[in-house]
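Working notes for the structure below.
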Amino acid sequence: MSRSIIKTPLDTDLYKFTMQQAMLHQYPEADAVVCFKCRSDFDLRPYLHEIRDEVEALSELYFREDELRYLKQLRYIKKDYVDYLRLFRLNPKHVRVFIEDGQLAITIHGPWVHITHFEIYILAIISEVVARNKYPDVDYNEGRRRLYEKIKMIKQAATKVDLSGFSLAEFGTRRRFSREWQFEVVDILKHELGEYLVGTSNVDFARELELSPIGTMAHEWLQAHQALGVRLIDSQKAALDAWVKEYRGDLGVALTDVISMDAFLHDFDMYFAKLFDGIRQDSGDPITWGEKAIAHYERLGINPKSKTLIFSDSLDIPRALEIYQHFANRINVSFGIGTNLTNDLGCPSLNIVIKMVECNGQPVAKLSDSTGKIMCQDATYVEYLKQVFHYNGPTV
C-alpha cells in the first residue's frame, strides 16, 4: 500500500464511485480528456517533480477486501462493480504533468471509466504538496481555534432561531491542507455538531468514523453527455435519464450548473422534478438560484417542502446560516462545505480544479452561473453551446 499522500483508493469523494459505476454499465468505451486549472495567482512550477512522483505512486493503490465489503454494503453499489474494483488499478501513463505557457499543466487522457478517479487524488496531492512545502510550520492550534469558532456559530444560532432543519456535510477532500488535518476536522465535527452533520463526501473517512458518505454526480457526468451520441440540446435530459436508469430513485440529487440554472430548469420537467429528491447549486448567487428552484417546483404543482436544495459553492458557516434562514420552512436545504473547513489554518488555500474538456474526440464544456468558471479548450464550441441553450450568463 502506498505510503504517499493518497494511502487508500477510498480517500476520494463518493461521487467518483457512483459515476464510475454508471460509466462501467453504460459507457465503458467512452474516451475522455480532462485538464487541470489553477484559478489562484500562484506559481506551481517548483512542485512539478514532487507532484509527478505522487501521481506515479497512485499506481500502487488497490482496494483491500474490507474496503470492498464496505462499498458493497452501500445499497446502490452493485456486485459486478465491486468485482471490477477488485481488479482496478490506476495507470499514471494516462497523466501528463508538464509546464506550458509558464504554468503547471496537467492533462489526463484515456478511457473515461479508467481515468475518472485521478481528479480528486491529483487535486488533493497538489494542495498537500504546496501546503507541506510552503507552510511547514503551520499552527494547527490556529486551525482548531477557527474550526471551533465555526462550530460555536452554529450552536449560538440554534439558541436564537430554529435550526431543526439545518444540516451540513463536509466536502473538502480536493482542497484540503492535508489528509491528517481533514480527518481531524471531520472527527471534531462529528463529535461537536451531532445531528447537524449529515456526513462527509470522503468515503474513507465516512467508513472510519461511521458517518454517511455523501454525493451523487459531478459536472463531468452531464458534460460527457454533450458527446455521447444524443443531440446537444438533449444532452442534459440524456444525462438525467441515464442516472435514473442506473439508480432508479437512489442518489436523487441533480447538479444544475453545467450550462446554467435556467437551461437546467428548462430540461427539468415534471418527470425529473418528481423523480429527483432535489438539486445542487455550485455557482451563481445562491438566493437567486433557490428562488428559481422554488418557483419552478410551484409552477409544476410540486410542494417545495417535499424537495431539497443542496448548496455547495464556496460556502462558509455564516453564509450557510444566512441561506438557511432565508429558505427556512419553504423548502428543505442542506449544505456541502469544503475548503473553508479543511484548509482554513491562517494561510492561503489554492483554488484548483480538474474538468473534462473532451469526450469521444469532441469538445465539451462547463459554462456555469459564475464568472471565471467556464472551462473548455474550443472557443467555437463554447459559442455554439451558448446558442443552442440560449445561454446569457457570464462570458469568461
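Chain lettering (A, B, ...) mirrors the order of the C-alpha cells, residue numbering begins at 1 for each chain separately, and ligand numbering begins at 1 in order of display.
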
Original post:
A:Arg89: which residues within 9 Å, counting only C-alpha atoms, same-chain residues fewer than 6 positions away excluded, as a VMD selection string?
Top reply: chain A and resid 58 to 63 114

Find the residues around A:Ser349 up to 10 Å (only C-alpha atoms counted), leave out those fewer than 4 positions away in its own chain, and share them as an mmCIF file with N, CA, C and O atoms, in the first residue's frame.
```cif
data_model
loop_
_atom_site.group_PDB
_atom_site.id
_atom_site.type_symbol
_atom_site.label_atom_id
_atom_site.label_comp_id
_atom_site.auth_asym_id
_atom_site.auth_seq_id
_atom_site.Cartn_x
_atom_site.Cartn_y
_atom_site.Cartn_z
ATOM 1 N N SER A 40 -6.020 30.385 -8.851
ATOM 2 C CA SER A 40 -5.300 31.299 -7.966
ATOM 3 C C SER A 40 -4.047 31.832 -8.652
ATOM 4 O O SER A 40 -3.485 31.186 -9.543
ATOM 5 N N SER A 127 -2.697 20.178 -3.522
ATOM 6 C CA SER A 127 -2.975 21.002 -2.351
ATOM 7 C C SER A 127 -2.031 20.657 -1.196
ATOM 8 O O SER A 127 -1.476 21.548 -0.535
ATOM 9 N N VAL A 130 1.814 21.603 -1.902
ATOM 10 C CA VAL A 130 2.034 23.033 -1.669
ATOM 11 C C VAL A 130 2.028 23.335 -0.172
ATOM 12 O O VAL A 130 2.892 24.061 0.338
ATOM 13 N N ALA A 131 1.072 22.773 0.551
ATOM 14 C CA ALA A 131 0.953 23.056 1.983
ATOM 15 C C ALA A 131 2.201 22.629 2.753
ATOM 16 O O ALA A 131 2.725 23.382 3.579
ATOM 17 N N ARG A 175 -9.339 20.121 -1.789
ATOM 18 C CA ARG A 175 -8.512 21.300 -1.485
ATOM 19 C C ARG A 175 -8.106 21.347 -0.025
ATOM 20 O O ARG A 175 -7.898 22.415 0.539
ATOM 21 N N ARG A 176 -7.967 20.197 0.572
ATOM 22 C CA ARG A 176 -7.610 20.123 1.982
ATOM 23 C C ARG A 176 -6.149 20.519 2.209
ATOM 24 O O ARG A 176 -5.326 20.432 1.305
ATOM 25 N N PHE A 177 -5.849 20.911 3.434
ATOM 26 C CA PHE A 177 -4.457 21.215 3.781
ATOM 27 C C PHE A 177 -3.634 19.934 3.798
ATOM 28 O O PHE A 177 -2.513 19.892 3.312
ATOM 29 N N THR A 339 -13.510 23.716 1.375
ATOM 30 C CA THR A 339 -12.239 24.358 1.674
ATOM 31 C C THR A 339 -12.272 25.151 2.969
ATOM 32 O O THR A 339 -11.292 25.169 3.727
ATOM 33 N N ASN A 340 -13.373 25.821 3.263
ATOM 34 C CA ASN A 340 -13.466 26.631 4.470
ATOM 35 C C ASN A 340 -13.358 25.803 5.743
ATOM 36 O O ASN A 340 -13.024 26.331 6.805
ATOM 37 N N THR A 342 -11.622 22.471 5.631
ATOM 38 C CA THR A 342 -10.438 21.603 5.600
ATOM 39 C C THR A 342 -9.151 22.317 5.221
ATOM 40 O O THR A 342 -8.094 21.701 5.222
ATOM 41 N N ASN A 343 -9.233 23.620 4.911
ATOM 42 C CA ASN A 343 -7.999 24.353 4.595
ATOM 43 C C ASN A 343 -8.109 25.788 5.076
ATOM 44 O O ASN A 343 -7.907 26.736 4.320
ATOM 45 N N ASP A 344 -8.423 25.943 6.362
ATOM 46 C CA ASP A 344 -8.527 27.271 6.972
ATOM 47 C C ASP A 344 -7.695 27.282 8.250
ATOM 48 O O ASP A 344 -8.205 27.131 9.349
ATOM 49 N N LEU A 345 -6.382 27.453 8.047
ATOM 50 C CA LEU A 345 -5.449 27.467 9.185
ATOM 51 C C LEU A 345 -4.663 28.776 9.258
ATOM 52 O O LEU A 345 -3.646 28.865 9.958
#
```

**OP:** Just list the residues in stretch 117-360 of chain A DSSP gives strand (DSSP E or B) on the backbone, as a ChimeraX atom specification.
**Re:** /A:168-170,197-200,202,213,253-255,278-281,308-311,332-337,352-359

Please identify every residue of stretch 247-299 of chain A that has at least one atom no farther than 9 Å from an atom of stretch 386-396 of chain A, counting only C-alpha atoms, and for each give the shortest atom pair and the distance in Å to one decimal, arranged by chain then increasing number, as a Markdown table.
```
| residue | atom | partner | partner_atom | distance |
| --- | --- | --- | --- | --- |
| A:Ile259 | CA | A:Tyr391 | CA | 7.5 |
| A:Ser260 | CA | A:Tyr391 | CA | 7.2 |
| A:Asp262 | CA | A:Tyr391 | CA | 8.2 |
| A:Ala263 | CA | A:Phe389 | CA | 6.2 |
```

**OP:** Please provide as an NGL selection string all residues within 10 Å of stretch 284-293 of chain A, with the sequence filter that same-chain residues fewer than 6 positions apart are discarded (counting only C-alpha atoms).
**Re:** :A and (256-257 or 260-262 or 265 or 278 or 299 or 304 or 307-313 or 319-320 or 322-324 or 326-327 or 331 or 333 or 368-371 or 393-394)

Residues of the last selection are to be written out with C-alpha atoms, as a PDB file, in the first residue's frame.
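That gives us again29.pdb:
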```pdb
ATOM      1  CA  THR A 256     -27.763  22.248 -12.120  1.00  0.00           C
ATOM      2  CA  ASP A 257     -24.956  24.476 -13.413  1.00  0.00           C
ATOM      3  CA  SER A 260     -26.813  27.334 -16.346  1.00  0.00           C
ATOM      4  CA  MET A 261     -29.678  27.102 -13.893  1.00  0.00           C
ATOM      5  CA  ASP A 262     -32.079  28.497 -16.479  1.00  0.00           C
ATOM      6  CA  LEU A 265     -34.754  24.099 -15.373  1.00  0.00           C
ATOM      7  CA  GLY A 278     -33.604  17.658  -5.081  1.00  0.00           C
ATOM      8  CA  ARG A 299     -45.208  26.028 -11.416  1.00  0.00           C
ATOM      9  CA  PRO A 304     -41.277  22.586  -2.465  1.00  0.00           C
ATOM     10  CA  LYS A 307     -37.763  18.613  -2.132  1.00  0.00           C
ATOM     11  CA  THR A 308     -34.243  19.538  -1.021  1.00  0.00           C
ATOM     12  CA  LEU A 309     -31.805  22.191  -2.201  1.00  0.00           C
ATOM     13  CA  ILE A 310     -28.108  21.432  -1.688  1.00  0.00           C
ATOM     14  CA  PHE A 311     -25.765  24.436  -1.620  1.00  0.00           C
ATOM     15  CA  SER A 312     -22.064  23.728  -2.214  1.00  0.00           C
ATOM     16  CA  ASP A 313     -20.409  26.767  -3.811  1.00  0.00           C
ATOM     17  CA  ARG A 319     -23.250  32.221   4.610  1.00  0.00           C
ATOM     18  CA  ALA A 320     -24.815  28.794   5.139  1.00  0.00           C
ATOM     19  CA  GLU A 322     -27.901  33.099   6.135  1.00  0.00           C
ATOM     20  CA  ILE A 323     -29.125  30.918   3.266  1.00  0.00           C
ATOM     21  CA  TYR A 324     -30.851  28.551   5.680  1.00  0.00           C
ATOM     22  CA  HIS A 326     -33.849  32.765   4.018  1.00  0.00           C
ATOM     23  CA  PHE A 327     -35.383  29.463   2.883  1.00  0.00           C
ATOM     24  CA  ILE A 331     -38.074  24.107   1.162  1.00  0.00           C
ATOM     25  CA  VAL A 333     -31.962  22.811   2.483  1.00  0.00           C
ATOM     26  CA  SER A 368     -21.620  27.711 -15.117  1.00  0.00           C
ATOM     27  CA  ASP A 369     -23.540  30.571 -13.488  1.00  0.00           C
ATOM     28  CA  SER A 370     -20.386  32.317 -12.209  1.00  0.00           C
ATOM     29  CA  THR A 371     -17.687  34.409 -13.846  1.00  0.00           C
ATOM     30  CA  GLY A 393     -24.687  34.120 -18.286  1.00  0.00           C
ATOM     31  CA  PRO A 394     -21.063  35.097 -17.548  1.00  0.00           C
TER      32      PRO A 394
END
```

Subject >> Given only C-alpha atoms as the counted atoms, nearest of A:Leu240, A:Met19, A:Cys376, A:Ala328 to A:Glu358 >> reply: A:Cys376

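The residue set within 10 Å of A:Glu220, counting only C-alpha atoms and dropping same-chain residues fewer than 5 places from it, reads Met19, Ala32, Val34, Trp112, Thr116, His225, Val258, Ile354, Lys355, Met356, Val357, Cys359, Val364, Ala365 and Lys366 of chain A.
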
Keeping only N, CA and C atoms, write those residues as a PDB file, in the first residue's frame.
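Below is the file result.pdb, written as the result:
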```pdb
ATOM      1  N   MET A  19     -20.454   7.674 -10.094  1.00  0.00           N
ATOM      2  CA  MET A  19     -20.343   7.940 -11.535  1.00  0.00           C
ATOM      3  C   MET A  19     -19.596   6.822 -12.253  1.00  0.00           C
ATOM      4  N   ALA A  32     -12.064  10.096 -22.784  1.00  0.00           N
ATOM      5  CA  ALA A  32     -12.194  11.448 -22.240  1.00  0.00           C
ATOM      6  C   ALA A  32     -10.837  12.113 -22.070  1.00  0.00           C
ATOM      7  N   VAL A  34      -9.389  15.281 -19.590  1.00  0.00           N
ATOM      8  CA  VAL A  34      -9.655  16.236 -18.519  1.00  0.00           C
ATOM      9  C   VAL A  34      -8.387  17.030 -18.248  1.00  0.00           C
ATOM     10  N   TRP A 112     -12.748   6.831 -20.179  1.00  0.00           N
ATOM     11  CA  TRP A 112     -13.370   7.612 -19.109  1.00  0.00           C
ATOM     12  C   TRP A 112     -13.473   6.816 -17.808  1.00  0.00           C
ATOM     13  N   THR A 116     -11.369   8.515 -14.440  1.00  0.00           N
ATOM     14  CA  THR A 116     -12.191   9.430 -13.649  1.00  0.00           C
ATOM     15  C   THR A 116     -11.654   9.655 -12.241  1.00  0.00           C
ATOM     16  N   HIS A 225     -22.208  13.874 -21.631  1.00  0.00           N
ATOM     17  CA  HIS A 225     -23.370  13.595 -22.474  1.00  0.00           C
ATOM     18  C   HIS A 225     -23.508  14.576 -23.638  1.00  0.00           C
ATOM     19  N   VAL A 258     -24.080  22.968 -15.143  1.00  0.00           N
ATOM     20  CA  VAL A 258     -23.152  22.654 -16.226  1.00  0.00           C
ATOM     21  C   VAL A 258     -23.350  23.632 -17.396  1.00  0.00           C
ATOM     22  N   ILE A 354     -10.047  20.325 -11.771  1.00  0.00           N
ATOM     23  CA  ILE A 354      -9.791  19.469 -12.929  1.00  0.00           C
ATOM     24  C   ILE A 354     -11.142  19.200 -13.566  1.00  0.00           C
ATOM     25  N   LYS A 355     -11.288  19.547 -14.853  1.00  0.00           N
ATOM     26  CA  LYS A 355     -12.572  19.416 -15.526  1.00  0.00           C
ATOM     27  C   LYS A 355     -12.407  18.728 -16.877  1.00  0.00           C
ATOM     28  N   MET A 356     -13.460  18.044 -17.304  1.00  0.00           N
ATOM     29  CA  MET A 356     -13.480  17.424 -18.620  1.00  0.00           C
ATOM     30  C   MET A 356     -13.536  18.503 -19.707  1.00  0.00           C
ATOM     31  N   VAL A 357     -12.726  18.317 -20.748  1.00  0.00           N
ATOM     32  CA  VAL A 357     -12.734  19.248 -21.882  1.00  0.00           C
ATOM     33  C   VAL A 357     -13.028  18.545 -23.201  1.00  0.00           C
ATOM     34  N   CYS A 359     -14.685  14.596 -24.927  1.00  0.00           N
ATOM     35  CA  CYS A 359     -15.217  13.242 -24.768  1.00  0.00           C
ATOM     36  C   CYS A 359     -15.429  12.649 -26.156  1.00  0.00           C
ATOM     37  N   VAL A 364     -16.244  19.335 -25.056  1.00  0.00           N
ATOM     38  CA  VAL A 364     -17.363  19.510 -24.132  1.00  0.00           C
ATOM     39  C   VAL A 364     -17.020  20.699 -23.244  1.00  0.00           C
ATOM     40  N   ALA A 365     -18.023  21.264 -22.605  1.00  0.00           N
ATOM     41  CA  ALA A 365     -17.768  22.471 -21.825  1.00  0.00           C
ATOM     42  C   ALA A 365     -18.658  22.545 -20.603  1.00  0.00           C
ATOM     43  N   LYS A 366     -18.183  23.275 -19.631  1.00  0.00           N
ATOM     44  CA  LYS A 366     -18.965  23.677 -18.462  1.00  0.00           C
ATOM     45  C   LYS A 366     -19.068  25.197 -18.523  1.00  0.00           C
TER      46      LYS A 366
END
```

**OP:** Find the residues around stretch 64-81 of chain A up to 12 Å (only C-alpha atoms counted), leave out those fewer than 2 positions away in its own chain, and share them as a PyMOL selection string.
**Re:** chain A and resi 1+7-11+14-15+17-25+28+61-62+83-88+113+203-208+210+212-216+243-244+246-252

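In this model, the gap between atom CA of A:Ile233 and atom CA of A:Ile302 comes to 25.2 Å.
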